[in-house]
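What follows is one structure encoded as structure tokens, with my remarks underneath.
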2 protein chains.
Amino acid sequence: MKKFFYSFEQISIVSHLVKWTLLVIPISLTVGSLVALFLWLLEKVTQIRWQHEWLLFLLPLAGIPIYLLYKYLGKNSDAGNNLIIEEIHQPGGGVPARMAPLVLFTTVVTHLFGGSAGREGTAVQMGGSIANLFGRWFKLNEQDLRILLMTGVAAGFGAVFGTPVTGAVFALEVLAIGEMRYGALIPCLIAAVFADITTAAWGIHHTHYQILFSGSANDLLSFLHVDVLLIVKVIIAGLCFGLASYMFAGLMHTIKNYANRFIPRSGMKWLIPVIGGLLIIALCYLTGTTDYTGLGVHGKNAGSVSIVSAFHSGGASTWSWLLKMLFTAITLGMGFKGGEVTPLFFIGATLGNTLAVLFGAPVDLFAGLGFIAVFAGATNTPVACTLMGVELFGGGNILYYAIACFTAYYFSGHSGIYPAQRVMVAKI
Amino acid sequence: MKKFFYSFEQISIVSHLVKWTLLVIPISLTVGSLVALFLWLLEKVTQIRWQHEWLLFLLPLAGIPIYLLYKYLGKNSDAGNNLIIEEIHQPGGGVPARMAPLVLFTTVVTHLFGGSAGREGTAVQMGGSIANLFGRWFKLNEQDLRILLMTGVAAGFGAVFGTPVTGAVFALEVLAIGEMRYGALIPCLIAAVFADITTAAWGIHHTHYQILFSGSANDLLSFLHVDVLLIVKVIIAGLCFGLASYMFAGLMHTIKNYANRFIPRSGMKWLIPVIGGLLIIALCYLTGTTDYTGLGVHGKNAGSVSIVSAFHSGGASTWSWLLKMLFTAITLGMGFKGGEVTPLFFIGATLGNTLAVLFGAPVDLFAGLGFIAVFAGATNTPVACTLMGVELFGGGNILYYAIACFTAYYFSGHSGIYPAQRVMVAKI
């Protein structure tokens, strides 16, 4: 019995907890505030772009300063999220402090002129960059610096989507495929919670999505407490979501490779974003809509396709998901900046909408499943995305979230959008 | 672009999925049915015991056949959950088929005569034993047999609590401390879902717990969208829950060791459960109640302390958690059978009730947090327990679930109730 009362392990855990809380608070406050600024700017530039449609025509030109900024000032910032993942695996040159302002500015420019991009990449890169900066000031050792970088990722992700639990788990899960290690569990949760609180304290509100569907047993099989037919539909949808993730990652890599092969001379590389911008403009004319430019969370008009509209019947057309995929792969594959995740949400939600119509399944549920599952497949983070479903849409349908995310994870292959992820356990 | 359309990786994933669905279905049907039988028997014997209070006096005698059954017929079944965890890590002699009927019978006997025990150990052992049996029939190789054993654990756990997502994640997470590997993610989820459906199809209903609390911002800090003071209370409570897990595991090991040291002669070991039974009777007289015997989900009378009552103000007394801990450590440490998890729920929920009174916090929320967090600490499965919170109580308070479970996980030390768990990543 002595063991209980004289153990000092718990005391060292308390000091660990206090140490990390103190280390993490300045990072979370900074990252949370930067994310608040970023989200506020994003809202502003989206409004401006809606009011001035001609801004789209400047997209090709806007690509040039982005390219030049990264070329002459970026150091290794261009590697983005992959640099942060690699630094966590194997601390090397560090994440440059300039990454935070660079990615913030270039993402806002991308959105102002109608590129199709997201937010999480920007938030995560600001988080990693700020964490690295504080880590240098605190003179941490290598092991602690790795944890601090993970807290930066958790803070950025948790704050930008208002989902702290997801942010913490994402930071652990994104590093490797097939394995999650818990070493930085508590520091990451502290960071994500504080950053989320900070962003919210600046008055930033996150979009509210609603899934009204609540499972009711099938009439034919009423002795079962779940709808088996719906589960089968969710599995097939999960498969489609996984293939969409696979396609997105492949399409982006392919576009990037082709662009670089097409314009091999390093002095001419600035042409890549120019051509990318022209392609986006051409696509807008071909499709007759600008719904697929920008962030896409809300639509410009009542009839626009957006993530929010995809939760309602008729809120997306059959091929909306493919168009958004094309717009985003061109935008991000050809040198513009921003995250991949909000476009993945868009692709998933609209694909879910299409599949719901096809399968005769509830539209709001399937939009929500696509939202989280395409993201789960592309980033190989099925547990974080299941938790995200709960944080964004409520817990009632968690079984369907898990089935969709786990299935999509299996079917997305081993590549994903972060090549820096290490494959620890093969999927099959 | 060729890569997309001619890749065969996805085809092999489909065949993997079909193979495991076919392998897992017979296991899930059998385990789900056995769990249904088990839960039905448990309900019956609890009713019988409540009607015939004198049964408690036979508890010491009931211990003798349990001891003899395991000694002469049990082979290595006595190792229980630890045997299954070890077989998954390193397949050896296999999990004996007789484990399923043995643990079912002896758990029911333990409950009939008023031992304080749970259900999950029994369900998990039935799952592992049945999975091993099918694995032998299917002539699987070692790697597949390991996955099949994990599906057995997932099926048993998912079915006994009606929480399939938790069951699947638990089966992956329980194997090691500090790391979760995703190799068997989909087979485990399929198994847990099918087993849960099977149990429900037999007409078994699970207890419904309710947390009415929904977060409201503190008045003083109304510019924040979360109640920071409540978060601090949840962290301190999580610390207490983790220490309770630590204490429970230590107390059980200590009682087991002392009993074996006190009765060293192998021919006299049957005396251990006899003395254990006498101690339980003595404790009932000392405390003047039988509330701490049996499963403890529901109370016998309106005023009884139970898991359900702990969700209401006044539903537990200050030291209920300590008493349940003592009753259970004696029951399980001295040779009776059953799981540890339902008693851990009881200990957690009543400790949560006590702490809520102490901190001026919402009772239902804190009872729910204790319910999942003491379990998270004792089994080192913080993610599974966070998901369990969502599956049992709804998703609204997931942030508090995660904080409580992760904190408890940190403070429960590296021992836990399953010594077969391997420490992969140290907690600090």
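Residue numbers start at 1 in each chain; chains themselves are named A, B, ... in the order of the structure tokens; ligands are numbered from 1 in the order shown.
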
Residues of chain A were defined as contacting chain B if any atom lay at most 7 Å from it, counting only C-alpha atoms; please report them as a PyMOL selection string.
chain A and resi 1+4+10+13+165+178-183+186+197+200-201+223-225+247+254+390+394-396+399+402+406+411+425-428

Please write the residues from the selection above to a file, keeping N, CA, C and O atoms, as a short mmCIF file (atom, residue, chain, number, x, y, z; two decimals), in the first residue's frame.
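part-v3.cif, written as the output of this step:
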data_model
loop_
_atom_site.label_atom_id
_atom_site.label_comp_id
_atom_site.auth_asym_id
_atom_site.auth_seq_id
_atom_site.Cartn_x
_atom_site.Cartn_y
_atom_site.Cartn_z
N MET A 1 0.83 -1.22 0.00
CA MET A 1 0.00 0.00 0.00
C MET A 1 0.86 1.27 0.00
O MET A 1 0.43 2.31 -0.48
N PHE A 4 1.17 3.56 -3.10
CA PHE A 4 0.23 4.61 -3.46
C PHE A 4 0.63 5.97 -2.93
O PHE A 4 0.48 6.99 -3.58
N GLN A 10 3.45 10.87 -10.00
CA GLN A 10 2.39 11.85 -10.23
C GLN A 10 2.89 13.28 -10.08
O GLN A 10 2.39 14.19 -10.74
N ILE A 13 4.42 14.30 -13.16
CA ILE A 13 3.41 14.56 -14.18
C ILE A 13 2.82 15.96 -14.00
O ILE A 13 2.61 16.69 -14.97
N VAL A 165 -10.69 19.56 -29.97
CA VAL A 165 -10.36 18.15 -29.79
C VAL A 165 -9.80 17.58 -31.08
O VAL A 165 -8.78 16.88 -31.11
N GLY A 178 -1.22 5.08 -40.36
CA GLY A 178 -1.40 3.77 -39.72
C GLY A 178 -0.99 3.71 -38.28
O GLY A 178 -1.01 2.64 -37.68
N GLU A 179 -0.63 4.84 -37.70
CA GLU A 179 -0.18 4.80 -36.31
C GLU A 179 -0.39 6.17 -35.67
O GLU A 179 -0.20 7.19 -36.32
N MET A 180 -0.78 6.17 -34.41
CA MET A 180 -0.86 7.43 -33.69
C MET A 180 -0.11 7.24 -32.38
O MET A 180 -0.35 6.28 -31.65
N ARG A 181 0.81 8.16 -32.09
CA ARG A 181 1.57 8.08 -30.84
C ARG A 181 1.12 9.21 -29.92
O ARG A 181 0.84 10.31 -30.36
N TYR A 182 1.05 8.90 -28.61
CA TYR A 182 0.40 9.81 -27.68
C TYR A 182 1.34 10.75 -26.93
O TYR A 182 0.89 11.44 -26.02
N GLY A 183 2.62 10.76 -27.30
CA GLY A 183 3.58 11.53 -26.51
C GLY A 183 3.17 12.95 -26.20
O GLY A 183 3.35 13.43 -25.09
N ILE A 186 -1.35 15.74 -24.22
CA ILE A 186 -1.84 16.81 -23.36
C ILE A 186 -1.37 18.18 -23.84
O ILE A 186 -2.18 19.11 -23.97
N ILE A 197 -10.05 29.28 -27.84
CA ILE A 197 -10.63 30.30 -26.96
C ILE A 197 -10.18 31.69 -27.41
O ILE A 197 -10.97 32.64 -27.46
N ALA A 200 -11.94 32.79 -30.59
CA ALA A 200 -13.33 33.13 -30.29
C ALA A 200 -13.43 34.44 -29.52
O ALA A 200 -14.37 35.23 -29.71
N ALA A 201 -12.43 34.69 -28.65
CA ALA A 201 -12.46 35.91 -27.86
C ALA A 201 -12.32 37.15 -28.73
O ALA A 201 -12.76 38.25 -28.36
N PHE A 223 -36.70 -4.95 -35.92
CA PHE A 223 -36.16 -5.55 -34.69
C PHE A 223 -34.70 -5.14 -34.48
O PHE A 223 -34.12 -5.37 -33.44
N LEU A 224 -34.09 -4.54 -35.50
CA LEU A 224 -32.73 -4.04 -35.34
C LEU A 224 -32.80 -2.59 -34.87
O LEU A 224 -33.74 -1.87 -35.20
N HIS A 225 -31.81 -2.16 -34.11
CA HIS A 225 -31.86 -0.78 -33.63
C HIS A 225 -31.09 0.17 -34.55
O HIS A 225 -31.06 1.36 -34.32
N MET A 247 -8.08 10.69 -55.84
CA MET A 247 -8.09 11.41 -57.10
C MET A 247 -7.58 12.83 -56.91
O MET A 247 -6.81 13.35 -57.72
N THR A 254 -0.13 15.59 -60.18
CA THR A 254 0.04 15.50 -61.64
C THR A 254 0.11 16.88 -62.27
O THR A 254 0.98 17.15 -63.10
N VAL A 390 -18.24 14.97 -34.79
CA VAL A 390 -18.94 15.21 -33.53
C VAL A 390 -18.88 16.69 -33.16
O VAL A 390 -19.88 17.29 -32.77
N GLY A 394 -22.49 17.38 -34.14
CA GLY A 394 -23.14 16.69 -33.02
C GLY A 394 -22.86 15.20 -33.06
O GLY A 394 -22.40 14.67 -34.06
N GLY A 395 -23.14 14.54 -31.92
CA GLY A 395 -22.68 13.16 -31.75
C GLY A 395 -23.65 12.08 -32.17
O GLY A 395 -23.31 10.91 -32.18
N GLY A 396 -24.89 12.45 -32.52
CA GLY A 396 -25.92 11.43 -32.75
C GLY A 396 -25.58 10.42 -33.84
O GLY A 396 -25.96 9.26 -33.75
N LEU A 399 -21.66 6.78 -35.36
CA LEU A 399 -21.40 5.49 -36.00
C LEU A 399 -21.19 5.68 -37.50
O LEU A 399 -20.26 5.11 -38.08
N ALA A 402 -17.80 7.36 -38.23
CA ALA A 402 -16.67 6.43 -38.13
C ALA A 402 -16.61 5.51 -39.33
O ALA A 402 -15.54 5.30 -39.91
N PHE A 406 -13.39 5.79 -41.74
CA PHE A 406 -12.49 4.63 -41.76
C PHE A 406 -12.45 4.01 -43.16
O PHE A 406 -11.39 3.63 -43.66
N PHE A 411 -9.55 3.51 -48.62
CA PHE A 411 -9.59 3.57 -50.08
C PHE A 411 -8.82 4.74 -50.68
O PHE A 411 -8.85 4.95 -51.88
N VAL A 425 2.21 1.78 -40.67
CA VAL A 425 1.50 0.51 -40.77
C VAL A 425 0.72 0.56 -42.08
O VAL A 425 -0.12 1.45 -42.26
N ALA A 426 1.00 -0.37 -43.00
CA ALA A 426 0.30 -0.36 -44.28
C ALA A 426 -1.19 -0.56 -44.05
O ALA A 426 -1.61 -1.16 -43.05
N LYS A 427 -2.00 -0.01 -44.98
CA LYS A 427 -3.44 -0.06 -44.75
C LYS A 427 -4.01 -1.46 -44.87
O LYS A 427 -4.99 -1.78 -44.21
N ILE A 428 -3.48 -2.26 -45.78
CA ILE A 428 -3.92 -3.66 -45.82
C ILE A 428 -2.68 -4.55 -45.85
O ILE A 428 -1.61 -4.13 -46.16
#

Do a neighbour search on range 107-124 of chain A at 6 Å with only C-alpha atoms, toss out local chain neighbours closer than 2 positions, and write the hits as a ChimeraX atom specification.
/A:45,49,55-56,59,103-105,126-127,153,156-157,293-295,327-328,331,337-343

CA of Gly238 in chain B sits from CA of Thr381 in chain B at a separation of 14.0 Å

When DSSP works through the backbone of this structure, what residues of range 152-351 of chain B end up as helix (DSSP H, G or I), shown as a PyMOL selection string?
chain B and resi 152-161+164-173+185-201+228-262+266-268+271-287+307-310+320-333+341-351

Neighbours of Ser317 in chain A within 9 Å (only C-alpha atoms; same-chain residues fewer than 6 positions away dropped), as JSON, numbers by chain?
{"A": [305, 350, 353, 354]}

Next, write the just-selected residues to a file, as an mmCIF file, in the first residue's frame, keeping all heavy atoms as the atom set.
data_model
loop_
_atom_site.group_PDB
_atom_site.id
_atom_site.type_symbol
_atom_site.label_atom_id
_atom_site.label_comp_id
_atom_site.auth_asym_id
_atom_site.auth_seq_id
_atom_site.Cartn_x
_atom_site.Cartn_y
_atom_site.Cartn_z
ATOM 1 N N VAL A 305 -23.759 27.229 -55.323
ATOM 2 C CA VAL A 305 -23.310 25.999 -54.690
ATOM 3 C C VAL A 305 -22.216 26.352 -53.687
ATOM 4 O O VAL A 305 -21.279 27.084 -54.002
ATOM 5 C CB VAL A 305 -22.761 25.015 -55.739
ATOM 6 C CG1 VAL A 305 -22.197 23.770 -55.056
ATOM 7 C CG2 VAL A 305 -23.847 24.631 -56.727
ATOM 8 N N THR A 350 -20.379 18.169 -51.449
ATOM 9 C CA THR A 350 -21.153 18.132 -52.696
ATOM 10 C C THR A 350 -21.215 16.707 -53.248
ATOM 11 O O THR A 350 -22.255 16.287 -53.762
ATOM 12 C CB THR A 350 -20.546 19.083 -53.750
ATOM 13 O OG1 THR A 350 -19.141 18.840 -53.864
ATOM 14 C CG2 THR A 350 -20.761 20.531 -53.351
ATOM 15 N N ASN A 353 -23.819 15.034 -51.311
ATOM 16 C CA ASN A 353 -25.125 15.468 -51.815
ATOM 17 C C ASN A 353 -25.526 14.644 -53.041
ATOM 18 O O ASN A 353 -26.636 14.087 -53.107
ATOM 19 C CB ASN A 353 -25.029 16.966 -52.153
ATOM 20 C CG ASN A 353 -26.350 17.578 -52.565
ATOM 21 O OD1 ASN A 353 -26.942 17.123 -53.528
ATOM 22 N ND2 ASN A 353 -26.813 18.586 -51.832
ATOM 23 N N THR A 354 -24.587 14.527 -53.988
ATOM 24 C CA THR A 354 -24.858 13.747 -55.205
ATOM 25 C C THR A 354 -25.179 12.288 -54.875
ATOM 26 O O THR A 354 -26.137 11.705 -55.397
ATOM 27 C CB THR A 354 -23.622 13.809 -56.131
ATOM 28 O OG1 THR A 354 -23.387 15.170 -56.472
ATOM 29 C CG2 THR A 354 -23.839 12.989 -57.392
#

When you look at range 128-139 of chain A with a cut-off of 10 Å (counting only C-alpha atoms), what residues show up, excluding the ones that are within fewer than 2 positions of it in the same chain? I need them as a ChimeraX atom specification.
/A:23-24,26-28,30-31,34,77,80-81,83-85,87-88,94-101,122-126,141-142,144-156
